[in-house]
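Here's the structure, in structure tokens; my notes come after.
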Amino acid sequence: MRMLLSSAGRRVGLLRAFRSAAEELGVALEIFACDLEPEWSSACREADHALAVPPAPSPDYIDAVLGICERHGIALVVPTIDTELVQYSHARERFAAIGTTVSIGSPAIVEMARDKLATARFLAAAGIASPRTASAEELLDDDAEWPWPLLAKPRHGSSSRGIQIVYDRDELRPLTTMEPYVVQEMLRGREFTVNIFFDEHGALHSAIPHERLKVRAGEVEKAVTVRDPVLCAMARDLGAALDGAFGAMCFQAIMDGEGRASLFEINARFGGGYPLAHQAGATFTRWLLEQALDLPRSVHDAWKAGVVMLRYDDAVFV
């Protein structure tokens, strides 16, 4: 089997998880990886083959990846960064026509998850607890009371880019000249990520919360898996509300001192902390390979709680 890790960047841990899953299955897996500059990507260096592609937002991006898949007989594409997800979701049928499965949900899910205001409205409609949210313009045009300070975030941002605490309308106003922003009430408490896995029919099979004990540059550095009933129930509610989910997703939530959780972000892709879920026994990579190869399914929710991840820096030398 051949697969493509898209926008591979530094996702060496994810690449290795696919390799170990293939070994467990007895599958000869050949991993292709693509990036804007593959020679500067550690994951591309570790892949069997590395290829250059245009920038993800480019109109030529999907055609370039389709060409790679057709030329090399790629069975599975795994996107990894937010800026490529919408394009992939709209092109799923084009990839399917050449025999390639893309691990991505429906356009409606991906577009909602990429838009923090749309995410807040989706969660409110689904009855899932989330922080009070509005666009910056809505707040500035409205005299409604808000519990200042507030958290201001780029509406389509990721990786903690551009997030600021604002203490009044005067601090918020300049942000609106740069890009669309949303504001949210500040949540205080313990922060969690919940990795979730959906089969090709959109059914949720596994939800693995981990507490984010330390974060660096938006990515978890120290964490521990926790089988928390509130977060697992939240995952089931989210899974029931999502129409057209597929493969790996994750969401982030904060739990206050009274055990109440509030969901504030959804990612329609593998989370950066997925290697912890994998180590705990929630082997999403194996389950995707089983689906792609139509092998007997081993998907389950019997992962281990209390598994700790302590990340450290490593290097690839060439």
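Letters A, B, ... go to the chains of the structure tokens in the order shown; residues in each chain start at 1; ligands are counted from 1 in the same order.
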
Q: Using backbone DSSP assignments, extract all alpha helix (DSSP H) residues from range 170-274 of chain A; output them as number ranges by chain.
A: A: 170-172, 229-241, 274

Cut-off 10 Å: closest range 196-300 of chain A/range 81-91 of chain A atom pairs per residue, using only C-alpha atoms, as a Markdown table:
| residue | atom | partner | partner_atom | distance |
| --- | --- | --- | --- | --- |
| A:Asn267 | CA | A:Asp82 | CA | 7.9 |
| A:Ala268 | CA | A:Leu85 | CA | 7.6 |
| A:Arg269 | CA | A:Ile81 | CA | 7.5 |
| A:Phe270 | CA | A:Ile81 | CA | 8.7 |
| A:Gly271 | CA | A:Ile81 | CA | 9.4 |
| A:Gly272 | CA | A:Ile81 | CA | 9.8 |

Saved selection, atoms kept: N, CA, C and O atoms, as a JSON list (two decimals), in the first residue's frame:
[["chain", "number", "residue", "atom", "x", "y", "z"],
["A", 267, "ASN", "N", -10.98, 20.66, 15.58],
["A", 267, "ASN", "CA", -10.02, 20.50, 14.48],
["A", 267, "ASN", "C", -10.41, 19.28, 13.65],
["A", 267, "ASN", "O", -10.52, 18.18, 14.20],
["A", 268, "ALA", "N", -10.59, 19.48, 12.36],
["A", 268, "ALA", "CA", -11.04, 18.40, 11.48],
["A", 268, "ALA", "C", -9.85, 17.65, 10.88],
["A", 268, "ALA", "O", -9.78, 17.42, 9.66],
["A", 269, "ARG", "N", -8.92, 17.25, 11.74],
["A", 269, "ARG", "CA", -7.67, 16.60, 11.31],
["A", 269, "ARG", "C", -7.06, 15.89, 12.52],
["A", 269, "ARG", "O", -7.57, 15.99, 13.63],
["A", 270, "PHE", "N", -5.95, 15.18, 12.28],
["A", 270, "PHE", "CA", -5.17, 14.64, 13.38],
["A", 270, "PHE", "C", -4.69, 15.80, 14.26],
["A", 270, "PHE", "O", -4.13, 16.78, 13.76],
["A", 271, "GLY", "N", -4.86, 15.68, 15.55],
["A", 271, "GLY", "CA", -4.32, 16.66, 16.47],
["A", 271, "GLY", "C", -2.83, 16.48, 16.64],
["A", 271, "GLY", "O", -2.28, 15.39, 16.44],
["A", 272, "GLY", "N", -2.15, 17.57, 17.03],
["A", 272, "GLY", "CA", -0.71, 17.49, 17.24],
["A", 272, "GLY", "C", -0.32, 16.52, 18.34],
["A", 272, "GLY", "O", 0.78, 15.97, 18.35]]

Q) From the set A:Met255, A:Leu117, A:Arg11, A:Arg169, which residue has the shortest atom-to-atom contact distance to Asp143 in chain A, counting only C-alpha atoms? A) A:Arg169

Q | Per-residue DSSP, range 174-244 of chain A, filtered to strand (DSSP E or B), as a VMD selection string | A | chain A and resid 181 to 185 190 to 198 204 to 216 219 to 225

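CA of Gln291 in chain A lies 11.0 Å from CA of Phe246 in chain A.
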
Do you know which residues are at most 12 Å from Lys214 in chain A counting only C-alpha atoms, after dropping those on the same chain fewer than 3 positions away, and could you put them as a PDB file with N, CA, C and O atoms, in the first residue's frame?
ATOM      1  N   ARG A 190      -8.803  23.511  33.904  1.00  0.00           N
ATOM      2  CA  ARG A 190      -7.899  22.539  33.297  1.00  0.00           C
ATOM      3  C   ARG A 190      -8.242  22.390  31.814  1.00  0.00           C
ATOM      4  O   ARG A 190      -9.413  22.297  31.450  1.00  0.00           O
ATOM      5  N   GLU A 191      -7.204  22.352  30.987  1.00  0.00           N
ATOM      6  CA  GLU A 191      -7.420  22.293  29.540  1.00  0.00           C
ATOM      7  C   GLU A 191      -7.190  20.874  29.031  1.00  0.00           C
ATOM      8  O   GLU A 191      -6.226  20.208  29.423  1.00  0.00           O
ATOM      9  N   PHE A 192      -8.081  20.437  28.144  1.00  0.00           N
ATOM     10  CA  PHE A 192      -8.039  19.076  27.604  1.00  0.00           C
ATOM     11  C   PHE A 192      -8.145  19.104  26.089  1.00  0.00           C
ATOM     12  O   PHE A 192      -8.776  19.991  25.504  1.00  0.00           O
ATOM     13  N   HIS A 210      -7.073  13.851  26.782  1.00  0.00           N
ATOM     14  CA  HIS A 210      -5.842  13.999  27.550  1.00  0.00           C
ATOM     15  C   HIS A 210      -5.761  15.415  28.099  1.00  0.00           C
ATOM     16  O   HIS A 210      -6.192  16.369  27.462  1.00  0.00           O
ATOM     17  N   GLU A 211      -5.239  15.522  29.309  1.00  0.00           N
ATOM     18  CA  GLU A 211      -5.071  16.836  29.924  1.00  0.00           C
ATOM     19  C   GLU A 211      -3.781  17.463  29.407  1.00  0.00           C
ATOM     20  O   GLU A 211      -2.721  16.835  29.408  1.00  0.00           O
ATOM     21  N   ALA A 217       4.068  26.825  21.932  1.00  0.00           N
ATOM     22  CA  ALA A 217       3.731  27.272  20.576  1.00  0.00           C
ATOM     23  C   ALA A 217       2.447  26.617  20.073  1.00  0.00           C
ATOM     24  O   ALA A 217       2.340  26.228  18.912  1.00  0.00           O
ATOM     25  N   GLY A 218       1.467  26.478  20.966  1.00  0.00           N
ATOM     26  CA  GLY A 218       0.169  25.944  20.579  1.00  0.00           C
ATOM     27  C   GLY A 218       0.078  24.434  20.532  1.00  0.00           C
ATOM     28  O   GLY A 218      -1.002  23.886  20.305  1.00  0.00           O
ATOM     29  N   GLU A 219       1.198  23.729  20.737  1.00  0.00           N
ATOM     30  CA  GLU A 219       1.190  22.266  20.672  1.00  0.00           C
ATOM     31  C   GLU A 219       1.534  21.686  22.034  1.00  0.00           C
ATOM     32  O   GLU A 219       2.425  22.171  22.725  1.00  0.00           O
ATOM     33  N   VAL A 220       0.823  20.629  22.410  1.00  0.00           N
ATOM     34  CA  VAL A 220       0.998  20.057  23.739  1.00  0.00           C
ATOM     35  C   VAL A 220       2.390  19.451  23.892  1.00  0.00           C
ATOM     36  O   VAL A 220       2.910  18.792  22.997  1.00  0.00           O
ATOM     37  N   GLU A 221       3.002  19.713  25.050  1.00  0.00           N
ATOM     38  CA  GLU A 221       4.337  19.213  25.337  1.00  0.00           C
ATOM     39  C   GLU A 221       4.326  18.162  26.447  1.00  0.00           C
ATOM     40  O   GLU A 221       5.087  17.201  26.416  1.00  0.00           O
ATOM     41  N   LYS A 222       3.462  18.359  27.451  1.00  0.00           N
ATOM     42  CA  LYS A 222       3.306  17.397  28.537  1.00  0.00           C
ATOM     43  C   LYS A 222       1.812  17.144  28.703  1.00  0.00           C
ATOM     44  O   LYS A 222       1.023  18.089  28.783  1.00  0.00           O
ATOM     45  N   ALA A 223       1.438  15.857  28.773  1.00  0.00           N
ATOM     46  CA  ALA A 223       0.016  15.522  28.836  1.00  0.00           C
ATOM     47  C   ALA A 223      -0.166  14.132  29.404  1.00  0.00           C
ATOM     48  O   ALA A 223       0.765  13.325  29.441  1.00  0.00           O
ATOM     49  N   VAL A 224      -1.410  13.849  29.826  1.00  0.00           N
ATOM     50  CA  VAL A 224      -1.746  12.529  30.358  1.00  0.00           C
ATOM     51  C   VAL A 224      -3.167  12.174  29.935  1.00  0.00           C
ATOM     52  O   VAL A 224      -4.057  13.028  29.946  1.00  0.00           O
ATOM     53  N   GLY A 273      -1.237  16.290  19.301  1.00  0.00           N
ATOM     54  CA  GLY A 273      -0.966  15.371  20.397  1.00  0.00           C
ATOM     55  C   GLY A 273      -1.414  13.951  20.135  1.00  0.00           C
ATOM     56  O   GLY A 273      -1.425  13.124  21.067  1.00  0.00           O
ATOM     57  N   VAL A 308       1.318   8.929  30.121  1.00  0.00           N
ATOM     58  CA  VAL A 308       1.925  10.263  30.145  1.00  0.00           C
ATOM     59  C   VAL A 308       2.795  10.464  28.903  1.00  0.00           C
ATOM     60  O   VAL A 308       3.516   9.554  28.483  1.00  0.00           O
ATOM     61  N   MET A 309       2.729  11.650  28.329  1.00  0.00           N
ATOM     62  CA  MET A 309       3.617  12.036  27.232  1.00  0.00           C
ATOM     63  C   MET A 309       4.466  13.222  27.683  1.00  0.00           C
ATOM     64  O   MET A 309       3.935  14.239  28.140  1.00  0.00           O
ATOM     65  N   LEU A 310       5.780  13.079  27.547  1.00  0.00           N
ATOM     66  CA  LEU A 310       6.725  14.157  27.849  1.00  0.00           C
ATOM     67  C   LEU A 310       7.546  14.374  26.585  1.00  0.00           C
ATOM     68  O   LEU A 310       8.493  13.627  26.302  1.00  0.00           O
ATOM     69  N   ARG A 311       7.191  15.382  25.807  1.00  0.00           N
ATOM     70  CA  ARG A 311       7.853  15.597  24.536  1.00  0.00           C
ATOM     71  C   ARG A 311       9.220  16.268  24.716  1.00  0.00           C
ATOM     72  O   ARG A 311       9.422  17.035  25.650  1.00  0.00           O
TER      73      ARG A 311
END

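Every protein, DNA or RNA residue with an atom at most 10 Å from Ala28 in chain A, where only C-alpha atoms count and chain neighbours fewer than 3 positions away do not, is listed here: Met1, Arg2, Arg19, Ala22, Glu23, Leu25 and Ile31 of chain A.
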
Could you save the residues just selected, with C-alpha atoms, as a PDB file, in the first residue's frame?
ATOM      1  CA  MET A   1       0.000   0.000   0.000  1.00  0.00           C
ATOM      2  CA  ARG A   2       1.090   3.549  -0.704  1.00  0.00           C
ATOM      3  CA  ARG A  19       4.685   2.675  10.033  1.00  0.00           C
ATOM      4  CA  ALA A  22       1.438  -1.251   9.073  1.00  0.00           C
ATOM      5  CA  GLU A  23       3.981  -3.550  10.727  1.00  0.00           C
ATOM      6  CA  LEU A  25      -0.990  -5.540  10.213  1.00  0.00           C
ATOM      7  CA  ILE A  31       4.985   6.419   2.668  1.00  0.00           C
TER       8      ILE A  31
END

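The list of residues with at least one atom within 7 Å of range 76-78 of chain A, based on only C-alpha atoms and without residues fewer than 3 positions apart in the same chain, reads Met3, Leu4, Leu5, Ser6, Thr100, Thr101, Val102, Ser103 and Ala292 of chain A.
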
(Q) Report as an NGL selection string all protein, DNA and RNA residues lying within 10 Å of Gly239 in chain A, evaluated on only C-alpha atoms, omitting residues in the same chain fewer than 2 positions from it. (A) :A and (196-198 or 202-205 or 207 or 233-237 or 241-245)

Using the selection just defined, write its residues with all heavy atoms as a compact mmCIF listing (two decimals), in the first residue's frame.
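And here is the file that came out, again_1.txt:
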# COMPACT_ATOMS: atom_id res chain seq x y z
N ILE A 196 -10.79 12.06 18.57
CA ILE A 196 -11.98 11.26 18.24
C ILE A 196 -11.80 10.63 16.86
O ILE A 196 -11.18 11.22 15.96
CB ILE A 196 -13.27 12.10 18.30
CG1 ILE A 196 -13.12 13.42 17.52
CG2 ILE A 196 -13.65 12.39 19.75
CD1 ILE A 196 -14.34 14.32 17.55
N PHE A 197 -12.37 9.42 16.70
CA PHE A 197 -12.21 8.69 15.45
C PHE A 197 -13.56 8.25 14.91
O PHE A 197 -14.37 7.64 15.63
CB PHE A 197 -11.33 7.45 15.64
CG PHE A 197 -11.08 6.70 14.36
CD1 PHE A 197 -10.08 7.11 13.49
CD2 PHE A 197 -11.86 5.61 14.00
CE1 PHE A 197 -9.85 6.44 12.30
CE2 PHE A 197 -11.65 4.93 12.82
CZ PHE A 197 -10.64 5.35 11.96
N PHE A 198 -13.78 8.51 13.61
CA PHE A 198 -15.02 8.17 12.92
C PHE A 198 -14.73 7.20 11.78
O PHE A 198 -13.72 7.34 11.08
CB PHE A 198 -15.67 9.42 12.32
CG PHE A 198 -16.11 10.44 13.33
CD1 PHE A 198 -15.21 11.38 13.82
CD2 PHE A 198 -17.42 10.47 13.80
CE1 PHE A 198 -15.61 12.33 14.76
CE2 PHE A 198 -17.83 11.41 14.72
CZ PHE A 198 -16.92 12.34 15.21
N GLY A 202 -19.35 7.62 9.20
CA GLY A 202 -19.58 8.76 10.08
C GLY A 202 -19.89 8.39 11.51
O GLY A 202 -20.30 9.26 12.30
N ALA A 203 -19.70 7.14 11.89
CA ALA A 203 -19.99 6.70 13.26
C ALA A 203 -18.76 6.91 14.15
O ALA A 203 -17.64 6.55 13.77
CB ALA A 203 -20.39 5.23 13.28
N LEU A 204 -18.98 7.51 15.32
CA LEU A 204 -17.92 7.71 16.29
C LEU A 204 -17.62 6.40 17.00
O LEU A 204 -18.52 5.75 17.52
CB LEU A 204 -18.33 8.78 17.30
CG LEU A 204 -17.37 9.03 18.46
CD1 LEU A 204 -16.07 9.65 17.98
CD2 LEU A 204 -18.02 9.93 19.51
N HIS A 205 -16.34 6.01 17.05
CA HIS A 205 -15.95 4.76 17.68
C HIS A 205 -15.06 4.93 18.90
O HIS A 205 -15.02 4.05 19.76
CB HIS A 205 -15.22 3.86 16.68
CG HIS A 205 -16.12 3.21 15.69
ND1 HIS A 205 -16.79 2.03 15.94
CD2 HIS A 205 -16.50 3.59 14.45
CE1 HIS A 205 -17.51 1.70 14.88
NE2 HIS A 205 -17.36 2.64 13.97
N ALA A 207 -13.05 7.93 21.70
CA ALA A 207 -12.80 9.29 22.17
C ALA A 207 -11.80 9.22 23.32
O ALA A 207 -12.05 8.53 24.31
CB ALA A 207 -14.09 9.95 22.63
N ALA A 233 -18.75 12.02 27.36
CA ALA A 233 -20.13 12.31 26.99
C ALA A 233 -20.20 13.47 26.01
O ALA A 233 -21.00 13.46 25.06
CB ALA A 233 -20.95 12.62 28.25
N MET A 234 -19.35 14.48 26.21
CA MET A 234 -19.29 15.60 25.28
C MET A 234 -18.88 15.12 23.89
O MET A 234 -19.43 15.58 22.87
CB MET A 234 -18.31 16.66 25.80
CG MET A 234 -18.14 17.86 24.91
SD MET A 234 -17.07 19.12 25.67
CE MET A 234 -18.29 19.99 26.68
N ALA A 235 -17.93 14.19 23.83
CA ALA A 235 -17.51 13.62 22.54
C ALA A 235 -18.67 12.91 21.86
O ALA A 235 -18.87 13.04 20.64
CB ALA A 235 -16.33 12.67 22.75
N ARG A 236 -19.45 12.16 22.63
CA ARG A 236 -20.60 11.46 22.03
C ARG A 236 -21.63 12.46 21.50
O ARG A 236 -22.20 12.27 20.42
CB ARG A 236 -21.24 10.53 23.06
CG ARG A 236 -20.38 9.31 23.40
CD ARG A 236 -21.16 8.28 24.19
NE ARG A 236 -21.57 8.77 25.51
CZ ARG A 236 -20.83 8.67 26.60
NH1 ARG A 236 -19.64 8.09 26.55
NH2 ARG A 236 -21.28 9.12 27.77
N ASP A 237 -21.86 13.53 22.25
CA ASP A 237 -22.82 14.55 21.80
C ASP A 237 -22.32 15.22 20.52
O ASP A 237 -23.10 15.47 19.59
CB ASP A 237 -23.02 15.60 22.88
CG ASP A 237 -23.78 15.07 24.09
OD1 ASP A 237 -24.43 14.01 23.96
OD2 ASP A 237 -23.71 15.69 25.17
N ALA A 241 -23.86 15.14 16.56
CA ALA A 241 -24.23 16.39 15.88
C ALA A 241 -23.52 16.55 14.54
O ALA A 241 -24.00 17.28 13.66
CB ALA A 241 -23.93 17.58 16.78
N LEU A 242 -22.38 15.89 14.37
CA LEU A 242 -21.60 16.03 13.14
C LEU A 242 -22.17 15.12 12.05
O LEU A 242 -22.38 13.94 12.28
CB LEU A 242 -20.14 15.68 13.39
CG LEU A 242 -19.36 16.65 14.28
CD1 LEU A 242 -17.99 16.05 14.63
CD2 LEU A 242 -19.19 18.00 13.61
N ASP A 243 -22.37 15.68 10.88
CA ASP A 243 -22.91 14.92 9.75
C ASP A 243 -21.84 14.83 8.68
O ASP A 243 -21.50 15.83 8.05
CB ASP A 243 -24.16 15.62 9.20
CG ASP A 243 -24.81 14.82 8.09
OD1 ASP A 243 -24.47 13.63 7.93
OD2 ASP A 243 -25.65 15.40 7.36
N GLY A 244 -21.28 13.64 8.48
CA GLY A 244 -20.27 13.47 7.44
C GLY A 244 -18.85 13.47 7.97
O GLY A 244 -17.92 13.73 7.20
N ALA A 245 -18.66 13.18 9.26
CA ALA A 245 -17.30 13.09 9.80
C ALA A 245 -16.62 11.83 9.28
O ALA A 245 -17.27 10.82 8.99
CB ALA A 245 -17.34 13.09 11.32

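Among the candidate residues A:Pro275, A:Pro38, A:Pro131, A:Gly13, the one lying nearest to Ser262 in chain A is A:Pro131, with distances computed using only C-alpha atoms.
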
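Atom pair CA of Leu151 in chain A / CA of Ala113 in chain A: separated by 18.1 Å.
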
7 Å contact set for Arg286 in chain A, only C-alpha atoms, chain neighbours under 4 positions out, as a compact mmCIF listing (two decimals) with N, CA, C and O atoms, in the first residue's frame:
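Generated output (out_23.txt):
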# COMPACT_ATOMS: atom_id res chain seq x y z
N PHE A 18 2.00 5.51 11.60
CA PHE A 18 1.52 4.75 10.44
C PHE A 18 2.45 3.57 10.15
O PHE A 18 1.98 2.47 9.82
N ALA A 21 1.76 0.84 12.70
CA ALA A 21 0.46 0.21 12.44
C ALA A 21 0.56 -0.76 11.27
O ALA A 21 -0.01 -1.86 11.32
N ALA A 22 1.28 -0.38 10.23
CA ALA A 22 1.44 -1.25 9.07
C ALA A 22 2.19 -2.52 9.45
O ALA A 22 1.85 -3.62 9.01
N GLU A 290 -6.80 -0.17 7.95
CA GLU A 290 -7.77 -1.26 7.83
C GLU A 290 -8.92 -0.87 6.92
O GLU A 290 -9.38 -1.68 6.10

Q) Between A:Ile254, A:Val27, A:Leu213, A:Ala8, which has the minimum distance to Ser41 in chain A (counting only C-alpha atoms)? A) A:Ala8
